[in-house]
file input_6.pdb (PDB, C-alpha atoms and all ligand atoms)
MODEL        1
ATOM      1  CA  MET A   1      30.825  86.516  -9.034  1.00  0.00           C
ATOM      2  CA  ALA A   2      30.320  84.474 -12.197  1.00  0.00           C
ATOM      3  CA  ASP A   3      26.797  83.642 -13.347  1.00  0.00           C
ATOM      4  CA  THR A   4      27.462  79.928 -12.907  1.00  0.00           C
ATOM      5  CA  ASP A   5      28.239  80.530  -9.232  1.00  0.00           C
ATOM      6  CA  ILE A   6      24.990  82.436  -8.743  1.00  0.00           C
ATOM      7  CA  ARG A   7      22.858  79.684 -10.197  1.00  0.00           C
ATOM      8  CA  SER A   8      24.596  76.821  -8.417  1.00  0.00           C
ATOM      9  CA  ASN A   9      24.516  78.374  -4.968  1.00  0.00           C
ATOM     10  CA  SER A  10      21.345  78.499  -2.842  1.00  0.00           C
ATOM     11  CA  ASP A  11      22.709  81.447  -0.882  1.00  0.00           C
ATOM     12  CA  ALA A  12      23.186  83.393  -4.102  1.00  0.00           C
ATOM     13  CA  ARG A  13      19.741  82.325  -5.235  1.00  0.00           C
ATOM     14  CA  LEU A  14      18.228  83.779  -2.065  1.00  0.00           C
ATOM     15  CA  ARG A  15      19.906  87.103  -2.788  1.00  0.00           C
ATOM     16  CA  MET A  16      18.627  86.951  -6.344  1.00  0.00           C
ATOM     17  CA  GLU A  17      15.087  86.289  -5.122  1.00  0.00           C
ATOM     18  CA  ILE A  18      15.229  89.363  -2.882  1.00  0.00           C
ATOM     19  CA  ALA A  19      16.509  91.493  -5.744  1.00  0.00           C
ATOM     20  CA  ALA A  20      13.868  90.155  -8.136  1.00  0.00           C
ATOM     21  CA  ALA A  21      10.993  90.592  -5.661  1.00  0.00           C
ATOM     22  CA  THR A  22      12.110  94.145  -4.884  1.00  0.00           C
ATOM     23  CA  ARG A  23      12.265  95.116  -8.554  1.00  0.00           C
ATOM     24  CA  LEU A  24       8.886  93.478  -9.218  1.00  0.00           C
ATOM     25  CA  MET A  25       7.286  95.306  -6.282  1.00  0.00           C
ATOM     26  CA  VAL A  26       8.532  98.575  -7.778  1.00  0.00           C
ATOM     27  CA  MET A  27       7.075  97.525 -11.148  1.00  0.00           C
ATOM     28  CA  GLU A  28       3.716  96.839  -9.468  1.00  0.00           C
ATOM     29  CA  ASN A  29       3.750 100.116  -7.483  1.00  0.00           C
ATOM     30  CA  LEU A  30       4.002  98.250  -4.189  1.00  0.00           C
ATOM     31  CA  LEU A  31       7.367  99.805  -3.323  1.00  0.00           C
ATOM     32  CA  ASP A  32       8.984 103.072  -4.396  1.00  0.00           C
ATOM     33  CA  TYR A  33      11.932 105.189  -3.288  1.00  0.00           C
ATOM     34  CA  SER A  34      11.971 103.599   0.163  1.00  0.00           C
ATOM     35  CA  GLY A  35      11.019 100.290   1.711  1.00  0.00           C
ATOM     36  CA  HIS A  36      12.943  97.034   1.763  1.00  0.00           C
ATOM     37  CA  VAL A  37      12.650  93.283   1.368  1.00  0.00           C
ATOM     38  CA  SER A  38      14.673  90.818   3.442  1.00  0.00           C
ATOM     39  CA  ALA A  39      15.041  87.044   3.683  1.00  0.00           C
ATOM     40  CA  ARG A  40      16.173  84.890   6.594  1.00  0.00           C
ATOM     41  CA  ILE A  41      19.315  82.835   5.986  1.00  0.00           C
ATOM     42  CA  THR A  42      18.458  79.263   6.901  1.00  0.00           C
ATOM     43  CA  GLY A  43      20.276  78.029   9.991  1.00  0.00           C
ATOM     44  CA  GLU A  44      21.690  81.421  10.933  1.00  0.00           C
ATOM     45  CA  ASP A  45      20.485  84.305  13.087  1.00  0.00           C
ATOM     46  CA  ALA A  46      20.927  86.569  10.095  1.00  0.00           C
ATOM     47  CA  TYR A  47      19.232  87.809   6.945  1.00  0.00           C
ATOM     48  CA  TYR A  48      19.966  89.526   3.641  1.00  0.00           C
ATOM     49  CA  ILE A  49      18.718  93.022   2.844  1.00  0.00           C
ATOM     50  CA  GLN A  50      19.535  95.622   0.209  1.00  0.00           C
ATOM     51  CA  PRO A  51      21.765  98.662   0.772  1.00  0.00           C
ATOM     52  CA  ALA A  52      20.045 101.749   2.212  1.00  0.00           C
ATOM     53  CA  THR A  53      20.384 103.983  -0.795  1.00  0.00           C
ATOM     54  CA  ASP A  54      20.337 101.677  -3.843  1.00  0.00           C
ATOM     55  CA  PRO A  55      17.304 102.554  -5.996  1.00  0.00           C
ATOM     56  CA  ARG A  56      14.718  99.833  -5.388  1.00  0.00           C
ATOM     57  CA  GLY A  57      14.232  99.241  -9.100  1.00  0.00           C
ATOM     58  CA  ASP A  58      17.924  98.516  -9.623  1.00  0.00           C
ATOM     59  CA  VAL A  59      18.885  96.280  -6.673  1.00  0.00           C
ATOM     60  CA  THR A  60      21.206  93.384  -7.474  1.00  0.00           C
ATOM     61  CA  PRO A  61      22.016  90.057  -5.776  1.00  0.00           C
ATOM     62  CA  GLU A  62      25.679  90.988  -5.531  1.00  0.00           C
ATOM     63  CA  ARG A  63      25.014  94.054  -3.355  1.00  0.00           C
ATOM     64  CA  MET A  64      22.870  92.330  -0.710  1.00  0.00           C
ATOM     65  CA  ILE A  65      24.096  92.904   2.838  1.00  0.00           C
ATOM     66  CA  LYS A  66      24.161  90.176   5.478  1.00  0.00           C
ATOM     67  CA  VAL A  67      22.931  91.494   8.835  1.00  0.00           C
ATOM     68  CA  ASP A  68      22.452  89.722  12.162  1.00  0.00           C
ATOM     69  CA  PHE A  69      19.289  90.128  14.247  1.00  0.00           C
ATOM     70  CA  GLU A  70      20.919  92.892  16.319  1.00  0.00           C
ATOM     71  CA  GLY A  71      21.703  94.922  13.209  1.00  0.00           C
ATOM     72  CA  ASN A  72      25.419  94.128  12.921  1.00  0.00           C
ATOM     73  CA  VAL A  73      26.678  93.943   9.344  1.00  0.00           C
ATOM     74  CA  LEU A  74      28.277  90.512   8.788  1.00  0.00           C
ATOM     75  CA  SER A  75      29.151  90.986   5.136  1.00  0.00           C
ATOM     76  CA  GLY A  76      28.708  93.612   2.469  1.00  0.00           C
ATOM     77  CA  ALA A  77      30.500  96.525   4.186  1.00  0.00           C
ATOM     78  CA  PRO A  78      31.138  99.326   3.458  1.00  0.00           C
ATOM     79  CA  LEU A  79      27.590  99.222   2.068  1.00  0.00           C
ATOM     80  CA  ARG A  80      25.157 100.042   4.868  1.00  0.00           C
ATOM     81  CA  PRO A  81      21.713  98.549   5.424  1.00  0.00           C
ATOM     82  CA  PRO A  82      18.545 100.660   5.726  1.00  0.00           C
ATOM     83  CA  PHE A  83      18.019 102.533   9.009  1.00  0.00           C
ATOM     84  CA  GLU A  84      14.792 100.639   9.662  1.00  0.00           C
ATOM     85  CA  ILE A  85      16.416  97.195  10.031  1.00  0.00           C
ATOM     86  CA  PRO A  86      15.045  96.747  13.595  1.00  0.00           C
ATOM     87  CA  ILE A  87      11.774  95.930  11.790  1.00  0.00           C
ATOM     88  CA  HIS A  88      13.384  92.891  10.207  1.00  0.00           C
ATOM     89  CA  GLY A  89      15.643  91.689  13.031  1.00  0.00           C
ATOM     90  CA  GLU A  90      12.998  91.865  15.734  1.00  0.00           C
ATOM     91  CA  ILE A  91      10.367  90.107  13.614  1.00  0.00           C
ATOM     92  CA  TYR A  92      12.762  87.272  12.692  1.00  0.00           C
ATOM     93  CA  LYS A  93      13.589  86.863  16.389  1.00  0.00           C
ATOM     94  CA  ALA A  94       9.937  86.805  17.443  1.00  0.00           C
ATOM     95  CA  ARG A  95       8.610  84.682  14.559  1.00  0.00           C
ATOM     96  CA  PRO A  96      10.583  81.522  13.677  1.00  0.00           C
ATOM     97  CA  ASP A  97       7.927  80.736  11.029  1.00  0.00           C
ATOM     98  CA  VAL A  98       8.764  83.913   9.076  1.00  0.00           C
ATOM     99  CA  ASN A  99      11.429  83.678   6.376  1.00  0.00           C
ATOM    100  CA  ALA A 100      10.711  86.857   4.411  1.00  0.00           C
ATOM    101  CA  VAL A 101       9.726  90.410   5.404  1.00  0.00           C
ATOM    102  CA  VAL A 102       8.801  93.489   3.405  1.00  0.00           C
ATOM    103  CA  HIS A 103       8.377  96.946   4.863  1.00  0.00           C
ATOM    104  CA  ASN A 104       6.915  99.501   2.474  1.00  0.00           C
ATOM    105  CA  HIS A 105       4.996 102.759   2.455  1.00  0.00           C
ATOM    106  CA  MET A 106       2.008 101.564   0.402  1.00  0.00           C
ATOM    107  CA  GLU A 107      -0.267 104.589   0.265  1.00  0.00           C
ATOM    108  CA  ILE A 108      -3.547 102.736   0.491  1.00  0.00           C
ATOM    109  CA  ALA A 109      -2.311 100.835   3.552  1.00  0.00           C
ATOM    110  CA  ILE A 110      -1.401 104.132   5.214  1.00  0.00           C
ATOM    111  CA  TRP A 111      -4.837 105.589   4.435  1.00  0.00           C
ATOM    112  CA  PHE A 112      -6.403 102.825   6.501  1.00  0.00           C
ATOM    113  CA  THR A 113      -4.482 104.116   9.550  1.00  0.00           C
ATOM    114  CA  MET A 114      -5.969 107.589   9.061  1.00  0.00           C
ATOM    115  CA  MET A 115      -9.706 106.936   9.125  1.00  0.00           C
ATOM    116  CA  GLU A 116     -11.535 107.008  12.418  1.00  0.00           C
ATOM    117  CA  GLY A 117     -13.568 103.904  13.092  1.00  0.00           C
ATOM    118  CA  VAL A 118     -12.448 102.052   9.948  1.00  0.00           C
ATOM    119  CA  GLN A 119     -10.692  98.686  10.120  1.00  0.00           C
ATOM    120  CA  LEU A 120      -9.037  97.081   7.100  1.00  0.00           C
ATOM    121  CA  VAL A 121     -10.598  93.638   6.787  1.00  0.00           C
ATOM    122  CA  PRO A 122     -10.442  90.653   4.404  1.00  0.00           C
ATOM    123  CA  MET A 123     -12.779  91.452   1.505  1.00  0.00           C
ATOM    124  CA  ARG A 124     -11.470  89.545  -1.496  1.00  0.00           C
ATOM    125  CA  ALA A 125     -11.069  85.764  -1.439  1.00  0.00           C
ATOM    126  CA  ARG A 126      -7.258  85.848  -1.420  1.00  0.00           C
ATOM    127  CA  ALA A 127      -7.339  88.089   1.637  1.00  0.00           C
ATOM    128  CA  VAL A 128      -8.161  84.980   3.657  1.00  0.00           C
ATOM    129  CA  ARG A 129      -4.414  85.158   4.316  1.00  0.00           C
ATOM    130  CA  TRP A 130      -5.237  87.885   6.855  1.00  0.00           C
ATOM    131  CA  ALA A 131      -8.166  86.109   8.489  1.00  0.00           C
ATOM    132  CA  SER A 132      -6.568  86.370  11.937  1.00  0.00           C
ATOM    133  CA  GLY A 133      -6.561  90.156  11.720  1.00  0.00           C
ATOM    134  CA  ILE A 134      -4.631  93.175  10.470  1.00  0.00           C
ATOM    135  CA  PRO A 135      -3.400  95.083  13.529  1.00  0.00           C
ATOM    136  CA  THR A 136      -2.066  98.656  13.504  1.00  0.00           C
ATOM    137  CA  ASP A 137       1.089  99.701  15.346  1.00  0.00           C
ATOM    138  CA  SER A 138       0.679 103.144  16.918  1.00  0.00           C
ATOM    139  CA  ASP A 139       4.247 104.435  16.337  1.00  0.00           C
ATOM    140  CA  PRO A 140       4.181 106.877  13.374  1.00  0.00           C
ATOM    141  CA  SER A 141       7.954 107.442  13.254  1.00  0.00           C
ATOM    142  CA  HIS A 142      10.678 105.591  11.390  1.00  0.00           C
ATOM    143  CA  ILE A 143      11.602 102.386  13.164  1.00  0.00           C
ATOM    144  CA  LYS A 144      15.265 102.997  13.904  1.00  0.00           C
ATOM    145  CA  LEU A 145      15.570 101.680  17.450  1.00  0.00           C
ATOM    146  CA  LYS A 146      15.539  98.127  18.778  1.00  0.00           C
ATOM    147  CA  GLN A 147      12.719  99.008  21.201  1.00  0.00           C
ATOM    148  CA  GLN A 148      10.592 100.265  18.312  1.00  0.00           C
ATOM    149  CA  GLY A 149      11.237  97.041  16.410  1.00  0.00           C
ATOM    150  CA  GLU A 150      10.285  94.994  19.453  1.00  0.00           C
ATOM    151  CA  LYS A 151       7.039  96.939  19.811  1.00  0.00           C
ATOM    152  CA  LEU A 152       6.244  96.459  16.123  1.00  0.00           C
ATOM    153  CA  ALA A 153       6.885  92.704  16.429  1.00  0.00           C
ATOM    154  CA  ARG A 154       4.511  92.632  19.418  1.00  0.00           C
ATOM    155  CA  SER A 155       1.874  94.509  17.414  1.00  0.00           C
ATOM    156  CA  LEU A 156       2.281  92.001  14.568  1.00  0.00           C
ATOM    157  CA  GLY A 157       1.888  89.155  17.058  1.00  0.00           C
ATOM    158  CA  PRO A 158       0.911  85.906  15.296  1.00  0.00           C
ATOM    159  CA  HIS A 159      -0.556  87.735  12.264  1.00  0.00           C
ATOM    160  CA  HIS A 160       0.854  88.131   8.747  1.00  0.00           C
ATOM    161  CA  ALA A 161       0.509  91.906   8.315  1.00  0.00           C
ATOM    162  CA  VAL A 162       0.803  94.988  10.491  1.00  0.00           C
ATOM    163  CA  LEU A 163      -0.179  98.514   9.496  1.00  0.00           C
ATOM    164  CA  MET A 164       2.018 101.307  10.835  1.00  0.00           C
ATOM    165  CA  ARG A 165       0.197 104.485  11.803  1.00  0.00           C
ATOM    166  CA  ALA A 166       0.692 107.266   9.200  1.00  0.00           C
ATOM    167  CA  HIS A 167       3.821 105.467   7.946  1.00  0.00           C
ATOM    168  CA  GLY A 168       3.425 102.149   6.190  1.00  0.00           C
ATOM    169  CA  LEU A 169       3.004  98.429   6.254  1.00  0.00           C
ATOM    170  CA  THR A 170       4.976  95.319   7.107  1.00  0.00           C
ATOM    171  CA  LEU A 171       4.118  91.917   5.624  1.00  0.00           C
ATOM    172  CA  VAL A 172       5.655  88.578   6.576  1.00  0.00           C
ATOM    173  CA  ALA A 173       5.680  85.246   4.745  1.00  0.00           C
ATOM    174  CA  GLU A 174       7.333  81.860   4.546  1.00  0.00           C
ATOM    175  CA  SER A 175       9.346  82.690   1.408  1.00  0.00           C
ATOM    176  CA  ILE A 176      10.212  85.545  -0.941  1.00  0.00           C
ATOM    177  CA  PRO A 177       7.844  84.319  -3.706  1.00  0.00           C
ATOM    178  CA  ALA A 178       4.995  84.093  -1.184  1.00  0.00           C
ATOM    179  CA  LEU A 179       5.843  87.570   0.114  1.00  0.00           C
ATOM    180  CA  LEU A 180       5.514  89.080  -3.371  1.00  0.00           C
ATOM    181  CA  VAL A 181       2.181  87.338  -3.865  1.00  0.00           C
ATOM    182  CA  ASP A 182       0.943  88.543  -0.465  1.00  0.00           C
ATOM    183  CA  ALA A 183       1.933  92.131  -1.315  1.00  0.00           C
ATOM    184  CA  VAL A 184      -0.057  91.946  -4.560  1.00  0.00           C
ATOM    185  CA  HIS A 185      -3.139  90.573  -2.806  1.00  0.00           C
ATOM    186  CA  PHE A 186      -2.851  92.967   0.153  1.00  0.00           C
ATOM    187  CA  ASP A 187      -3.018  95.892  -2.254  1.00  0.00           C
ATOM    188  CA  GLU A 188      -5.928  94.350  -4.194  1.00  0.00           C
ATOM    189  CA  ASN A 189      -7.882  93.801  -0.986  1.00  0.00           C
ATOM    190  CA  ALA A 190      -7.292  97.295   0.392  1.00  0.00           C
ATOM    191  CA  ARG A 191      -8.397  98.776  -2.932  1.00  0.00           C
ATOM    192  CA  ALA A 192     -11.543  96.662  -2.911  1.00  0.00           C
ATOM    193  CA  GLN A 193     -12.521  97.910   0.533  1.00  0.00           C
ATOM    194  CA  MET A 194     -11.728 101.508  -0.399  1.00  0.00           C
ATOM    195  CA  GLU A 195     -13.804 101.261  -3.595  1.00  0.00           C
ATOM    196  CA  VAL A 196     -16.779  99.931  -1.641  1.00  0.00           C
ATOM    197  CA  MET A 197     -16.477 102.724   0.923  1.00  0.00           C
ATOM    198  CA  GLN A 198     -16.074 105.354  -1.799  1.00  0.00           C
ATOM    199  CA  ALA A 199     -19.249 104.020  -3.390  1.00  0.00           C
ATOM    200  CA  GLY A 200     -20.884 105.041  -0.141  1.00  0.00           C
ATOM    201  CA  ARG A 201     -21.721 101.477   0.807  1.00  0.00           C
ATOM    202  CA  LYS A 202     -20.915  99.462   3.905  1.00  0.00           C
ATOM    203  CA  PRO A 203     -18.120  96.897   3.316  1.00  0.00           C
ATOM    204  CA  LEU A 204     -19.165  93.265   3.539  1.00  0.00           C
ATOM    205  CA  PRO A 205     -16.017  91.461   4.722  1.00  0.00           C
ATOM    206  CA  LEU A 206     -15.562  87.729   4.276  1.00  0.00           C
ATOM    207  CA  THR A 207     -17.396  85.876   7.023  1.00  0.00           C
ATOM    208  CA  ASP A 208     -15.737  83.213   9.165  1.00  0.00           C
ATOM    209  CA  GLU A 209     -17.749  80.585   7.312  1.00  0.00           C
ATOM    210  CA  GLU A 210     -16.648  81.920   3.922  1.00  0.00           C
ATOM    211  CA  MET A 211     -13.018  81.985   5.016  1.00  0.00           C
ATOM    212  CA  GLU A 212     -13.272  78.399   6.253  1.00  0.00           C
ATOM    213  CA  GLN A 213     -14.740  77.432   2.888  1.00  0.00           C
ATOM    214  CA  ILE A 214     -11.891  79.164   1.026  1.00  0.00           C
ATOM    215  CA  ASN A 215      -9.262  77.564   3.259  1.00  0.00           C
ATOM    216  CA  ARG A 216     -10.642  74.082   2.577  1.00  0.00           C
ATOM    217  CA  HIS A 217      -9.619  74.510  -1.060  1.00  0.00           C
ATOM    218  CA  GLU A 218      -6.536  76.661  -0.530  1.00  0.00           C
ATOM    219  CA  MET A 219      -3.404  75.591  -2.430  1.00  0.00           C
ATOM    220  CA  ARG A 220      -1.024  78.313  -1.262  1.00  0.00           C
ATOM    221  CA  ASP A 221       2.205  76.759  -2.544  1.00  0.00           C
ATOM    222  CA  PHE A 222       0.730  76.167  -6.006  1.00  0.00           C
ATOM    223  CA  HIS A 223      -0.777  79.650  -6.135  1.00  0.00           C
ATOM    224  CA  CYS A 224       2.407  81.382  -5.000  1.00  0.00           C
ATOM    225  CA  GLY A 225       4.510  79.427  -7.512  1.00  0.00           C
ATOM    226  CA  LYS A 226       2.121  80.313 -10.322  1.00  0.00           C
ATOM    227  CA  LEU A 227       2.064  84.038  -9.557  1.00  0.00           C
ATOM    228  CA  TRP A 228       5.814  84.171  -8.919  1.00  0.00           C
ATOM    229  CA  ALA A 229       6.383  82.718 -12.392  1.00  0.00           C
ATOM    230  CA  TYR A 230       3.838  85.167 -13.857  1.00  0.00           C
ATOM    231  CA  TYR A 231       5.487  88.237 -12.354  1.00  0.00           C
ATOM    232  CA  LEU A 232       9.015  87.042 -13.192  1.00  0.00           C
ATOM    233  CA  ARG A 233       7.986  86.665 -16.838  1.00  0.00           C
ATOM    234  CA  LYS A 234       6.210  90.024 -16.792  1.00  0.00           C
ATOM    235  CA  GLY A 235       9.339  91.592 -15.306  1.00  0.00           C
ATOM    236  CA  GLU A 236      11.577  90.014 -17.926  1.00  0.00           C
ATOM    237  CA  LYS A 237       9.350  91.225 -20.765  1.00  0.00           C
ATOM    238  CA  ALA A 238       9.285  94.730 -19.305  1.00  0.00           C
ATOM    239  CA  GLY A 239      13.070  94.797 -18.959  1.00  0.00           C
ATOM    240  CA  VAL A 240      12.768  95.041 -15.163  1.00  0.00           C
ATOM    241  CA  LEU A 241      14.643  91.757 -14.653  1.00  0.00           C
ATOM    242  CA  PRO A 242      17.725  90.600 -16.561  1.00  0.00           C
ATOM    243  CA  ASP A 243      16.735  87.555 -18.612  1.00  0.00           C
ATOM    244  CA  ASP A 244      19.540  85.469 -17.088  1.00  0.00           C
ATOM    245  CA  TRP A 245      18.153  85.673 -13.540  1.00  0.00           C
ATOM    246  CA  ASP A 246      17.068  82.088 -12.962  1.00  0.00           C
ATOM    247  CA  VAL A 247      14.662  82.432 -10.047  1.00  0.00           C
ATOM    248  CA  VAL A 248      11.545  80.616 -11.252  1.00  0.00           C
ATOM    249  CA  LYS A 249      10.321  78.302  -8.488  1.00  0.00           C
TER
HETATM  250 ZN    ZN A 301       9.388 103.067   6.765  1.00  0.00          ZN
ENDMDL
END
call {"tool": "encode", "arguments": {"input": "input_6.pdb", "output": "structure tokens", "more": "lines below"}}
Ligand SMILES: [Zn+2]
result
Amino acid sequence: MADTDIRSNSDARLRMEIAAATRLMVMENLLDYSGHVSARITGEDAYYIQPATDPRGDVTPERMIKVDFEGNVLSGAPLRPPFEIPIHGEIYKARPDVNAVVHNHMEIAIWFTMMEGVQLVPMRARAVRWASGIPTDSDPSHIKLKQQGEKLARSLGPHHAVLMRAHGLTLVAESIPALLVDAVHFDENARAQMEVMQAGRKPLPLTDEEMEQINRHEMRDFHCGKLWAYYLRKGEKAGVLPDDWDVVK
């Protein structure tokens, strides 16, 4: 596909956003040899996701696979999607408000599923995103079956993050740029709580009143656009993104 086609086509742009966000998450140590980012295709019961085995730091828009919510490959064969696609399909079915999903194996997120009596809570101001709660799904195995995906979607419920016992994390957002920003802030918040606990002190999570105060001044779209542009530029400078990928919001 010619570059001009990529830039003039919103479908191609979506695939480019997924590829860019995936590479940037690798750059920021939010994703490594496994894990995957997907985006809902507007107006269709389908989404784009990367091939199972492509290195996450090298994914490209051209190799994105189109998959329906039951896991059938609609385009992109013979490339095959990751085994854990029931995570994505079942969440898109259950949550019409969700347009982007990342599943990763963020170590600090996993640690919070391994400590008795400890709940990951919103500590830093940007963690107000998870004010409704950060549930944990009890299934520690890879999510390869539809029933497992359904259970994970139930565990996520109306929230924006779900920890997966001894395995990983799934985040959901309204767009790929917002998903990248959420992944950055999720990591920051988990580190903040861990640092406080390692200092031997009791965490002081944001109170309901503080979260209300933050939300009164929240400008999520502006903030996500600003950070998306920041990380795209950082990725270009670092050689992580080709400089002709036009995905600035
Ligand atoms: Zn996994």
call {"tool": "atom_distance", "arguments": {"input": "input_6.pdb", "atom1": "atom CA of A:Asp45", "atom2": "atom CA of A:Ala94"}}
result
11.7 Å
call {"tool": "residues_near_ligand", "arguments": {"input": "input_6.pdb", "ligand": "ligand ZN 301 (chain A)", "cutoff": "7 Å", "atoms": "all atoms listed in the file", "output": "ChimeraX atom specification"}}
result
/A:35,84,103-105,142-143,167-168
call {"tool": "resolve_selection", "arguments": {"input": "input_6.pdb", "expression": "the PyMOL selection byres (((chain A and resi 67-79) around 7) and not hetatm)", "output": "PyMOL selection string"}}
result
chain A and resi 45-48+51+63-66+80-81+85-86+89-90+93
call {"tool": "atom_distance", "arguments": {"input": "input_6.pdb", "atom1": "atom CA of A:Ser10", "atom2": "atom CA of A:Asn29"}}
result
28.3 Å
call {"tool": "atom_distance", "arguments": {"input": "input_6.pdb", "atom1": "atom CA of A:His217", "atom2": "atom CA of A:Ala229"}}
result
21.3 Å
call {"tool": "residues_around", "arguments": {"input": "input_6.pdb", "residues": "A:Ile87", "least_positions_apart": "5", "cutoff": "10 Å", "atoms": "only C-alpha atoms", "output": "JSON, numbers by chain"}}
result
{"A": [69, 92, 101, 102, 103, 142, 143, 144, 145, 146, 147, 148, 149, 150, 151, 152, 153, 170]}
call {"tool": "write_last_selection", "arguments": {"input": "input_6.pdb", "atoms": "C-alpha atoms", "output": "tab-separated table (two decimals), keeping the file's coordinate frame"}}
result
chain	number	residue	atom	x	y	z
A	69	PHE	CA	19.29	90.13	14.25
A	92	TYR	CA	12.76	87.27	12.69
A	101	VAL	CA	9.73	90.41	5.40
A	102	VAL	CA	8.80	93.49	3.40
A	103	HIS	CA	8.38	96.95	4.86
A	142	HIS	CA	10.68	105.59	11.39
A	143	ILE	CA	11.60	102.39	13.16
A	144	LYS	CA	15.26	103.00	13.90
A	145	LEU	CA	15.57	101.68	17.45
A	146	LYS	CA	15.54	98.13	18.78
A	147	GLN	CA	12.72	99.01	21.20
A	148	GLN	CA	10.59	100.26	18.31
A	149	GLY	CA	11.24	97.04	16.41
A	150	GLU	CA	10.28	94.99	19.45
A	151	LYS	CA	7.04	96.94	19.81
A	152	LEU	CA	6.24	96.46	16.12
A	153	ALA	CA	6.88	92.70	16.43
A	170	THR	CA	4.98	95.32	7.11
call {"tool": "resolve_selection", "arguments": {"input": "input_6.pdb", "expression": "the PyMOL selection byres (((chain A and resi 172-176) around 7) and not hetatm)", "output": "ChimeraX atom specification"}}
result
/A:17-18,21,39,97-102,160-161,170-171,177-180
call {"tool": "closest_residue", "arguments": {"input": "input_6.pdb", "among": "A:Arg124, A:Gly157, A:Asp58, A:Ile49", "to": "A:Arg95", "atoms": "all atoms listed in the file"}}
result
A:Gly157
call {"tool": "residues_around", "arguments": {"input": "input_6.pdb", "residues": "A:Gly235", "least_positions_apart": "6", "cutoff": "8 Å", "atoms": "only C-alpha atoms", "output": "mmCIF file with C-alpha atoms, keeping the file's coordinate frame"}}
result
data_model
loop_
_atom_site.group_PDB
_atom_site.id
_atom_site.type_symbol
_atom_site.label_atom_id
_atom_site.label_comp_id
_atom_site.auth_asym_id
_atom_site.auth_seq_id
_atom_site.Cartn_x
_atom_site.Cartn_y
_atom_site.Cartn_z
ATOM 1 C CA LEU A 24 8.886 93.478 -9.218
ATOM 2 C CA MET A 27 7.075 97.525 -11.148
ATOM 3 C CA LEU A 241 14.643 91.757 -14.653
#
